[in-house]
Amino acid sequence: MIFSLHNVSVVFNEQPIFASLSFEVSRGEKVAISGISGKGKSSIFNVLLGFEQRFTGEILFEGKPLTPTTIHRLRTQVGWLPQELNFLSTLTVKEFLYAPFEYQANKANRPHSEVIEQWFDAFELKPDILNHPLSAISGGEKQRVGLITVLLLKRSILLLDEPVSALDVATKQKVIDLLLSDSQLTILSSSHDAAWNNRCDKIITL
Amino acid sequence: MHATDISWTGLLVSELLLAIPLFILGYYRTHLVRSAIVSVLRMTVQLFLVGIYLGYIFKLNNPYINVLWVVVMIGVTCQTITRRSKLKLKYFLIPFALSIVFTLIIIDAFFLGFTIRIGYLLDARYFIPITGMLLGNIMQSNVIASNSFYHNIHENRIPFRFALTSGATQHEAIFPFIGDALKKAFNPTIAQMATIGLVSLPGMMTGQILGGSDPSVAIKYQIMMMIAIFTASVLSVFLNIRLSSRFIFDPFGNLREEIIQK
């Protein structure tokens, strides 16, 4: 079992975000969290990643409760795609893709340019956007660049917040086929998209 | 040769010149007239008091009193930095004070001991005004840097968190924020150094020349002071951020929300 949530509730400023949530994510499983906007789908990721401690209930990662030690270990095994990618917009796409490989932990795994080209090809991105600033590419392109950045880290567990919301139908299908059919990947995602959610093994509705 | 003294009547008359900026500020309804008058009055009273007690401190030239005076100045600097950066003093007093004390020890010892080569480093005539100038600039740089660093991390949680989940250590995750803070704090200083002397003479040099120093001596002091100020400001910002980074993040690596004044 990768994640196990039991009766988890999150309250911010006396406003309940979600209450008594319980579910489990097994290795290789694809789980989608769906629900109305504002229902706290992104908050679940913040809680799992240790960015939010204002919760009650029990959360286990690989059978262990979320302590600082567990969280630090979790963050080395999980790839997270946030919903908002409007940051570091002064960077070019290439700089953004390679930024995690400037960190000491990832230096030895810096990908060759051919690997980036393969992912660009798989996600139908044109290589000439590599030198464009992030701010100059479309929302759909940004979303795919974010996905590729996370995939380059080769983490076996992915937390994806709205991974296909900005993609057109054809590209969305391609991304769905690539990610959701990979049995090596454990994916916990939040999404409004029916096509994505219906391909998952389990849907949790908030 | 000393500077020609200005009579108190002469000084009072010179304050009449303020009518020009106050009229312009008032005409354009900036709502700055009252605060400008209050600031000038405060400045006059403060400098008047400074003149009295500095004269007394210089006459005594006691090392304990000189150091005590600098300690008071450091306390005021720390309090001003946290207030103007909207940070809570209780979290930052110790790291700010430690970084400033360490910076001053290095810079004062180097410039007073090796550059100017005064035998007695705590000589009030050198120690207090030079340290005062350093502190004024340290304060300004740290306000800009602190505003940028802490508030940027607070407002840009997502890139910070993304770095933490992408393999960055705490320091690697805050690295770009430190760079941004340094750029914001020191771009203006670097630009100013490049044009110094071209448009106007800097204050210290002007004061020395008016006091009777030869311009060739005054420029050496000015160059030394600009280098000392730049070095002290950058060093104190760096130490400040590195020291306070040790406790402004919780055990999960998140910026503690309580450090920021709401």
# chains A, B, ... in the order shown; residues from 1 in each chain; ligands from 1
call {"tool": "residues_around", "arguments": {"residues": "range 87-103 of chain A", "least_positions_apart": "5", "cutoff": "9 Å", "atoms": "only C-alpha atoms", "output": "PDB file with C-alpha atoms, in the first residue's frame"}}
result
ATOM      1  CA  ALA A 108      23.895  12.224 -11.939  1.00  0.00           C
ATOM      2  CA  ASN A 109      20.570  11.620 -13.730  1.00  0.00           C
ATOM      3  CA  ARG A 110      20.608  14.689 -15.965  1.00  0.00           C
ATOM      4  CA  PRO A 111      18.784  13.580 -19.121  1.00  0.00           C
ATOM      5  CA  ILE A 116      13.715  15.329 -23.997  1.00  0.00           C
ATOM      6  CA  ILE A 129       9.558  25.940 -27.923  1.00  0.00           C
ATOM      7  CA  LEU A 130      12.617  24.865 -25.910  1.00  0.00           C
ATOM      8  CA  ASN A 131      14.095  28.344 -26.184  1.00  0.00           C
ATOM      9  CA  HIS A 132      10.831  30.164 -25.554  1.00  0.00           C
ATOM     10  CA  PRO A 133      10.126  31.638 -22.119  1.00  0.00           C
ATOM     11  CA  LEU A 134       7.490  29.698 -20.181  1.00  0.00           C
ATOM     12  CA  SER A 135       5.300  32.766 -20.217  1.00  0.00           C
ATOM     13  CA  ALA A 136       5.206  32.699 -24.015  1.00  0.00           C
ATOM     14  CA  ILE A 137       3.790  29.184 -24.478  1.00  0.00           C
ATOM     15  CA  LYS A 142       2.835  24.443 -20.297  1.00  0.00           C
ATOM     16  CA  VAL A 145       6.094  20.658 -20.252  1.00  0.00           C
ATOM     17  CA  GLY A 146       5.205  20.309 -16.565  1.00  0.00           C
ATOM     18  CA  ILE A 148       7.570  15.978 -18.903  1.00  0.00           C
ATOM     19  CA  THR A 149       9.549  17.703 -16.127  1.00  0.00           C
ATOM     20  CA  VAL A 150       7.952  15.403 -13.561  1.00  0.00           C
ATOM     21  CA  LEU A 152      12.108  13.106 -16.323  1.00  0.00           C
ATOM     22  CA  LEU A 153      12.654  12.628 -12.593  1.00  0.00           C
TER      23      LEU A 153
ATOM     24  CA  ASN B 156       5.301  31.945  -4.336  1.00  0.00           C
ATOM     25  CA  ILE B 158       4.187  26.642  -5.516  1.00  0.00           C
ATOM     26  CA  PRO B 159       7.637  27.034  -7.122  1.00  0.00           C
ATOM     27  CA  ALA B 163      11.578  22.469  -5.894  1.00  0.00           C
ATOM     28  CA  SER B 166      11.848  17.693  -7.274  1.00  0.00           C
ATOM     29  CA  GLY B 167      14.859  16.749  -5.172  1.00  0.00           C
ATOM     30  CA  ALA B 168      15.989  20.138  -3.862  1.00  0.00           C
ATOM     31  CA  THR B 169      17.395  20.484  -0.359  1.00  0.00           C
ATOM     32  CA  GLU B 172      18.600  24.596  -3.032  1.00  0.00           C
ATOM     33  CA  ALA B 173      14.888  25.446  -2.883  1.00  0.00           C
TER      34      ALA B 173
END
call {"tool": "closest_atom_pairs", "arguments": {"of": "chain A", "to": "chain B", "cutoff": "9 Å", "atoms": "only C-alpha atoms", "output": "CSV"}}
result
residue,atom,partner,partner_atom,distance
A:Leu49,CA,B:Thr165,CA,8.0
A:Gly50,CA,B:Phe252,CA,6.1
A:Phe51,CA,B:Asn254,CA,6.3
A:Glu52,CA,B:Asn254,CA,8.5
A:Thr67,CA,B:Phe252,CA,8.0
A:Pro68,CA,B:Phe252,CA,5.2
A:Thr69,CA,B:Phe252,CA,8.4
A:Ile71,CA,B:Phe252,CA,7.0
A:His72,CA,B:Phe252,CA,7.6
A:Leu74,CA,B:Thr165,CA,8.5
A:Arg75,CA,B:Thr165,CA,4.8
A:Thr76,CA,B:Gly167,CA,6.0
A:Gln77,CA,B:Thr165,CA,8.6
A:Val78,CA,B:Thr165,CA,7.1
A:Gly79,CA,B:Thr165,CA,6.7
A:Trp80,CA,B:Thr165,CA,6.6
A:Leu81,CA,B:Phe162,CA,7.9
A:Pro82,CA,B:Ile158,CA,7.4
A:Glu84,CA,B:Ile158,CA,7.7
A:Leu85,CA,B:Ile158,CA,8.3
A:Phe87,CA,B:Pro159,CA,6.2
A:Leu88,CA,B:Pro159,CA,7.2
A:Ala99,CA,B:Ala163,CA,8.8
A:Pro100,CA,B:Ser166,CA,5.9
A:Phe101,CA,B:Gly167,CA,8.5
A:Glu102,CA,B:Ala168,CA,8.7
A:Tyr103,CA,B:Ala168,CA,5.5
A:Gln104,CA,B:Ala168,CA,7.5
A:Ala105,CA,B:Gly167,CA,5.9
A:Asn106,CA,B:Gly167,CA,6.7
A:Val150,CA,B:Ser166,CA,7.7
A:Leu153,CA,B:Ser166,CA,7.4
call {"tool": "select_by_dssp", "arguments": {"residues": "range 66-132 of chain A", "states": "strand (DSSP E)", "output": "list in words"}}
result
Val78, Gly79, Trp80 and Leu81 of chain A
call {"tool": "residues_around", "arguments": {"residues": "Gln173 in chain A", "least_positions_apart": "3", "cutoff": "12 Å", "atoms": "only C-alpha atoms", "output": "list in words"}}
result
Ala122, Phe123, Glu124, Pro163, Val164, Ser165, Leu167, Asp168, Val169, Ala170, Ile176, Asp177, Leu178, Leu179, Leu180, Ser181, Asp193, Ala194, Ala195, Trp196, Asn197, Asn198 and Arg199 of chain A
call {"tool": "select_by_dssp", "arguments": {"residues": "chain A", "states": "helix (DSSP H, G or I)", "output": "ChimeraX atom specification"}}
result
/A:41-48,68-77,93-102,104-109,113-122,127-131,134-136,139-152,169-180,194-199
call {"tool": "residues_around", "arguments": {"residues": "Gly207 in chain B", "least_positions_apart": "5", "cutoff": "9 Å", "atoms": "only C-alpha atoms", "output": "MDAnalysis selection string"}}
result
chainID B and resid 3 202 212:213 218
call {"tool": "residues_around", "arguments": {"residues": "Ile157 in chain A", "least_positions_apart": "3", "cutoff": "6 Å", "atoms": "only C-alpha atoms", "output": "list in words"}}
result
Val78, Leu185, Thr186 and Ile187 of chain A
call {"tool": "residues_around", "arguments": {"residues": "range 106-116 of chain B", "least_positions_apart": "5", "cutoff": "12 Å", "atoms": "only C-alpha atoms", "output": "PDB file with N, CA, C and O atoms, in the first residue's frame"}}
result
ATOM      1  N   VAL B  70      27.220  51.812  19.857  1.00  0.00           N
ATOM      2  CA  VAL B  70      27.045  51.009  18.632  1.00  0.00           C
ATOM      3  C   VAL B  70      26.019  49.906  18.866  1.00  0.00           C
ATOM      4  O   VAL B  70      25.209  49.601  17.989  1.00  0.00           O
ATOM      5  N   SER B  99      24.189  38.661  12.681  1.00  0.00           N
ATOM      6  CA  SER B  99      24.765  38.889  11.342  1.00  0.00           C
ATOM      7  C   SER B  99      25.364  40.295  11.257  1.00  0.00           C
ATOM      8  O   SER B  99      26.427  40.488  10.678  1.00  0.00           O
ATOM      9  N   ILE B 100      24.699  41.268  11.871  1.00  0.00           N
ATOM     10  CA  ILE B 100      25.206  42.645  11.810  1.00  0.00           C
ATOM     11  C   ILE B 100      26.477  42.782  12.656  1.00  0.00           C
ATOM     12  O   ILE B 100      27.454  43.393  12.219  1.00  0.00           O
ATOM     13  N   VAL B 101      26.472  42.200  13.859  1.00  0.00           N
ATOM     14  CA  VAL B 101      27.662  42.287  14.725  1.00  0.00           C
ATOM     15  C   VAL B 101      28.860  41.649  14.022  1.00  0.00           C
ATOM     16  O   VAL B 101      29.948  42.223  13.976  1.00  0.00           O
ATOM     17  N   LEU B 121      41.346  51.002  17.435  1.00  0.00           N
ATOM     18  CA  LEU B 121      40.188  50.767  16.569  1.00  0.00           C
ATOM     19  C   LEU B 121      38.891  51.365  17.115  1.00  0.00           C
ATOM     20  O   LEU B 121      37.969  51.629  16.356  1.00  0.00           O
ATOM     21  N   LEU B 122      38.821  51.537  18.433  1.00  0.00           N
ATOM     22  CA  LEU B 122      37.571  52.031  19.017  1.00  0.00           C
ATOM     23  C   LEU B 122      37.601  53.554  19.231  1.00  0.00           C
ATOM     24  O   LEU B 122      36.792  54.090  19.979  1.00  0.00           O
ATOM     25  N   ASP B 123      38.530  54.241  18.550  1.00  0.00           N
ATOM     26  CA  ASP B 123      38.591  55.706  18.638  1.00  0.00           C
ATOM     27  C   ASP B 123      37.260  56.282  18.160  1.00  0.00           C
ATOM     28  O   ASP B 123      36.873  56.081  17.003  1.00  0.00           O
ATOM     29  N   ALA B 124      36.561  56.991  19.014  1.00  0.00           N
ATOM     30  CA  ALA B 124      35.202  57.467  18.721  1.00  0.00           C
ATOM     31  C   ALA B 124      35.131  58.245  17.413  1.00  0.00           C
ATOM     32  O   ALA B 124      34.165  58.131  16.651  1.00  0.00           O
ATOM     33  N   ARG B 125      36.163  59.018  17.112  1.00  0.00           N
ATOM     34  CA  ARG B 125      36.131  59.904  15.941  1.00  0.00           C
ATOM     35  C   ARG B 125      36.044  59.113  14.633  1.00  0.00           C
ATOM     36  O   ARG B 125      35.544  59.601  13.635  1.00  0.00           O
ATOM     37  N   TYR B 126      36.538  57.896  14.658  1.00  0.00           N
ATOM     38  CA  TYR B 126      36.497  57.043  13.460  1.00  0.00           C
ATOM     39  C   TYR B 126      35.446  55.944  13.604  1.00  0.00           C
ATOM     40  O   TYR B 126      34.626  55.721  12.709  1.00  0.00           O
ATOM     41  N   PHE B 127      35.467  55.284  14.758  1.00  0.00           N
ATOM     42  CA  PHE B 127      34.643  54.096  14.978  1.00  0.00           C
ATOM     43  C   PHE B 127      33.154  54.402  14.847  1.00  0.00           C
ATOM     44  O   PHE B 127      32.417  53.701  14.154  1.00  0.00           O
ATOM     45  N   ILE B 128      32.719  55.488  15.509  1.00  0.00           N
ATOM     46  CA  ILE B 128      31.278  55.745  15.541  1.00  0.00           C
ATOM     47  C   ILE B 128      30.719  56.242  14.205  1.00  0.00           C
ATOM     48  O   ILE B 128      29.740  55.683  13.696  1.00  0.00           O
ATOM     49  N   PRO B 129      31.288  57.256  13.577  1.00  0.00           N
ATOM     50  CA  PRO B 129      30.691  57.679  12.302  1.00  0.00           C
ATOM     51  C   PRO B 129      30.804  56.631  11.196  1.00  0.00           C
ATOM     52  O   PRO B 129      29.861  56.448  10.426  1.00  0.00           O
ATOM     53  N   ILE B 130      31.939  55.930  11.127  1.00  0.00           N
ATOM     54  CA  ILE B 130      32.071  54.911  10.070  1.00  0.00           C
ATOM     55  C   ILE B 130      31.091  53.768  10.313  1.00  0.00           C
ATOM     56  O   ILE B 130      30.388  53.322   9.398  1.00  0.00           O
ATOM     57  N   THR B 131      31.006  53.299  11.558  1.00  0.00           N
ATOM     58  CA  THR B 131      30.044  52.245  11.875  1.00  0.00           C
ATOM     59  C   THR B 131      28.620  52.723  11.631  1.00  0.00           C
ATOM     60  O   THR B 131      27.771  51.977  11.137  1.00  0.00           O
ATOM     61  N   GLY B 132      28.348  53.964  11.944  1.00  0.00           N
ATOM     62  CA  GLY B 132      27.017  54.537  11.712  1.00  0.00           C
ATOM     63  C   GLY B 132      26.648  54.520  10.234  1.00  0.00           C
ATOM     64  O   GLY B 132      25.531  54.179   9.859  1.00  0.00           O
ATOM     65  N   MET B 133      27.618  54.891   9.387  1.00  0.00           N
ATOM     66  CA  MET B 133      27.345  54.879   7.930  1.00  0.00           C
ATOM     67  C   MET B 133      27.121  53.450   7.443  1.00  0.00           C
ATOM     68  O   MET B 133      26.238  53.183   6.630  1.00  0.00           O
ATOM     69  N   LEU B 134      27.923  52.534   7.958  1.00  0.00           N
ATOM     70  CA  LEU B 134      27.731  51.131   7.558  1.00  0.00           C
ATOM     71  C   LEU B 134      26.334  50.655   7.965  1.00  0.00           C
ATOM     72  O   LEU B 134      25.634  50.020   7.185  1.00  0.00           O
ATOM     73  N   LEU B 135      25.953  50.990   9.205  1.00  0.00           N
ATOM     74  CA  LEU B 135      24.656  50.527   9.711  1.00  0.00           C
ATOM     75  C   LEU B 135      23.497  51.116   8.919  1.00  0.00           C
ATOM     76  O   LEU B 135      22.510  50.423   8.662  1.00  0.00           O
ATOM     77  N   ILE B 138      23.418  49.087   5.795  1.00  0.00           N
ATOM     78  CA  ILE B 138      23.032  47.708   6.111  1.00  0.00           C
ATOM     79  C   ILE B 138      21.524  47.655   6.329  1.00  0.00           C
ATOM     80  O   ILE B 138      20.837  46.738   5.863  1.00  0.00           O
ATOM     81  N   VAL B 217      42.599  63.452  -0.250  1.00  0.00           N
ATOM     82  CA  VAL B 217      42.370  62.599   0.933  1.00  0.00           C
ATOM     83  C   VAL B 217      40.887  62.210   1.001  1.00  0.00           C
ATOM     84  O   VAL B 217      40.533  61.069   1.280  1.00  0.00           O
ATOM     85  N   LYS B 220      39.885  59.322  -1.204  1.00  0.00           N
ATOM     86  CA  LYS B 220      40.327  58.005  -0.704  1.00  0.00           C
ATOM     87  C   LYS B 220      39.349  57.492   0.343  1.00  0.00           C
ATOM     88  O   LYS B 220      38.982  56.310   0.345  1.00  0.00           O
ATOM     89  N   TYR B 221      38.926  58.381   1.247  1.00  0.00           N
ATOM     90  CA  TYR B 221      37.942  57.974   2.260  1.00  0.00           C
ATOM     91  C   TYR B 221      36.629  57.569   1.598  1.00  0.00           C
ATOM     92  O   TYR B 221      35.979  56.609   2.003  1.00  0.00           O
ATOM     93  N   GLN B 222      36.248  58.328   0.575  1.00  0.00           N
ATOM     94  CA  GLN B 222      34.979  58.026  -0.089  1.00  0.00           C
ATOM     95  C   GLN B 222      35.029  56.661  -0.774  1.00  0.00           C
ATOM     96  O   GLN B 222      34.084  55.869  -0.664  1.00  0.00           O
ATOM     97  N   ILE B 223      36.128  56.380  -1.471  1.00  0.00           N
ATOM     98  CA  ILE B 223      36.269  55.089  -2.149  1.00  0.00           C
ATOM     99  C   ILE B 223      36.236  53.964  -1.110  1.00  0.00           C
ATOM    100  O   ILE B 223      35.535  52.963  -1.251  1.00  0.00           O
ATOM    101  N   MET B 224      36.988  54.168  -0.032  1.00  0.00           N
ATOM    102  CA  MET B 224      37.031  53.166   1.019  1.00  0.00           C
ATOM    103  C   MET B 224      35.641  52.931   1.593  1.00  0.00           C
ATOM    104  O   MET B 224      35.222  51.786   1.786  1.00  0.00           O
ATOM    105  N   MET B 225      34.931  54.014   1.833  1.00  0.00           N
ATOM    106  CA  MET B 225      33.599  53.872   2.431  1.00  0.00           C
ATOM    107  C   MET B 225      32.638  53.169   1.491  1.00  0.00           C
ATOM    108  O   MET B 225      31.843  52.342   1.918  1.00  0.00           O
ATOM    109  N   MET B 226      32.689  53.473   0.205  1.00  0.00           N
ATOM    110  CA  MET B 226      31.778  52.817  -0.752  1.00  0.00           C
ATOM    111  C   MET B 226      32.052  51.318  -0.777  1.00  0.00           C
ATOM    112  O   MET B 226      31.130  50.503  -0.789  1.00  0.00           O
ATOM    113  N   ILE B 227      33.339  50.953  -0.771  1.00  0.00           N
ATOM    114  CA  ILE B 227      33.666  49.524  -0.775  1.00  0.00           C
ATOM    115  C   ILE B 227      33.230  48.882   0.540  1.00  0.00           C
ATOM    116  O   ILE B 227      32.674  47.776   0.560  1.00  0.00           O
ATOM    117  N   ALA B 228      33.478  49.587   1.652  1.00  0.00           N
ATOM    118  CA  ALA B 228      33.087  49.056   2.962  1.00  0.00           C
ATOM    119  C   ALA B 228      31.575  48.891   3.050  1.00  0.00           C
ATOM    120  O   ALA B 228      31.076  47.873   3.528  1.00  0.00           O
ATOM    121  N   ILE B 229      30.854  49.888   2.573  1.00  0.00           N
ATOM    122  CA  ILE B 229      29.387  49.839   2.625  1.00  0.00           C
ATOM    123  C   ILE B 229      28.863  48.694   1.768  1.00  0.00           C
ATOM    124  O   ILE B 229      28.007  47.909   2.202  1.00  0.00           O
ATOM    125  N   PHE B 230      29.374  48.564   0.562  1.00  0.00           N
ATOM    126  CA  PHE B 230      28.922  47.517  -0.352  1.00  0.00           C
ATOM    127  C   PHE B 230      29.205  46.137   0.232  1.00  0.00           C
ATOM    128  O   PHE B 230      28.332  45.261   0.283  1.00  0.00           O
ATOM    129  N   THR B 231      30.428  45.960   0.738  1.00  0.00           N
ATOM    130  CA  THR B 231      30.810  44.662   1.309  1.00  0.00           C
ATOM    131  C   THR B 231      29.974  44.344   2.539  1.00  0.00           C
ATOM    132  O   THR B 231      29.452  43.238   2.681  1.00  0.00           O
ATOM    133  N   ALA B 232      29.841  45.322   3.426  1.00  0.00           N
ATOM    134  CA  ALA B 232      29.085  45.101   4.664  1.00  0.00           C
ATOM    135  C   ALA B 232      27.624  44.796   4.363  1.00  0.00           C
ATOM    136  O   ALA B 232      27.010  43.929   4.991  1.00  0.00           O
ATOM    137  N   SER B 233      27.060  45.501   3.402  1.00  0.00           N
ATOM    138  CA  SER B 233      25.639  45.298   3.085  1.00  0.00           C
ATOM    139  C   SER B 233      25.405  43.904   2.518  1.00  0.00           C
ATOM    140  O   SER B 233      24.499  43.194   2.957  1.00  0.00           O
ATOM    141  N   VAL B 234      26.230  43.505   1.548  1.00  0.00           N
ATOM    142  CA  VAL B 234      26.045  42.182   0.944  1.00  0.00           C
ATOM    143  C   VAL B 234      26.287  41.087   1.984  1.00  0.00           C
ATOM    144  O   VAL B 234      25.514  40.125   2.095  1.00  0.00           O
ATOM    145  N   LEU B 235      27.351  41.228   2.761  1.00  0.00           N
ATOM    146  CA  LEU B 235      27.670  40.215   3.766  1.00  0.00           C
ATOM    147  C   LEU B 235      26.558  40.092   4.799  1.00  0.00           C
ATOM    148  O   LEU B 235      26.147  38.977   5.152  1.00  0.00           O
ATOM    149  N   SER B 236      26.037  41.215   5.254  1.00  0.00           N
ATOM    150  CA  SER B 236      25.000  41.158   6.291  1.00  0.00           C
ATOM    151  C   SER B 236      23.713  40.552   5.738  1.00  0.00           C
ATOM    152  O   SER B 236      23.047  39.778   6.432  1.00  0.00           O
TER     153      SER B 236
END
call {"tool": "atom_distance", "arguments": {"atom1": "CA of Arg84 in chain B", "atom2": "CA of His31 in chain B"}}
result
20.5 Å
call {"tool": "residues_around", "arguments": {"residues": "Ala185 in chain B", "least_positions_apart": "3", "cutoff": "10 Å", "atoms": "only C-alpha atoms", "output": "list of chain:residue names"}}
result
B:Gln140, B:Ser141, B:Asn142, B:Val143, B:Ile144, B:Ala145, B:Ser146, B:Asn147, B:Ser148, B:Gly179, B:Asp180, B:Ala181, B:Leu182, B:Pro188, B:Thr189, B:Ile190, B:Ser233, B:Val234, B:Val237
call {"tool": "atom_distance", "arguments": {"atom1": "CA of Asn152 in chain B", "atom2": "CA of Ile178 in chain B"}}
result
9.8 Å
call {"tool": "atom_distance", "arguments": {"atom1": "CA of Gln208 in chain B", "atom2": "CA of Asp5 in chain B"}}
result
14.1 Å
call {"tool": "closest_residue", "arguments": {"among": "B:Thr82, B:Trp69, B:Ile94, B:Tyr150", "to": "Val50 in chain B", "atoms": "only C-alpha atoms"}}
result
B:Trp69
call {"tool": "closest_residue", "arguments": {"among": "A:Ser190, A:Leu66, A:Phe23, A:Lys107", "to": "Gln53 in chain A", "atoms": "only C-alpha atoms"}}
result
A:Leu66
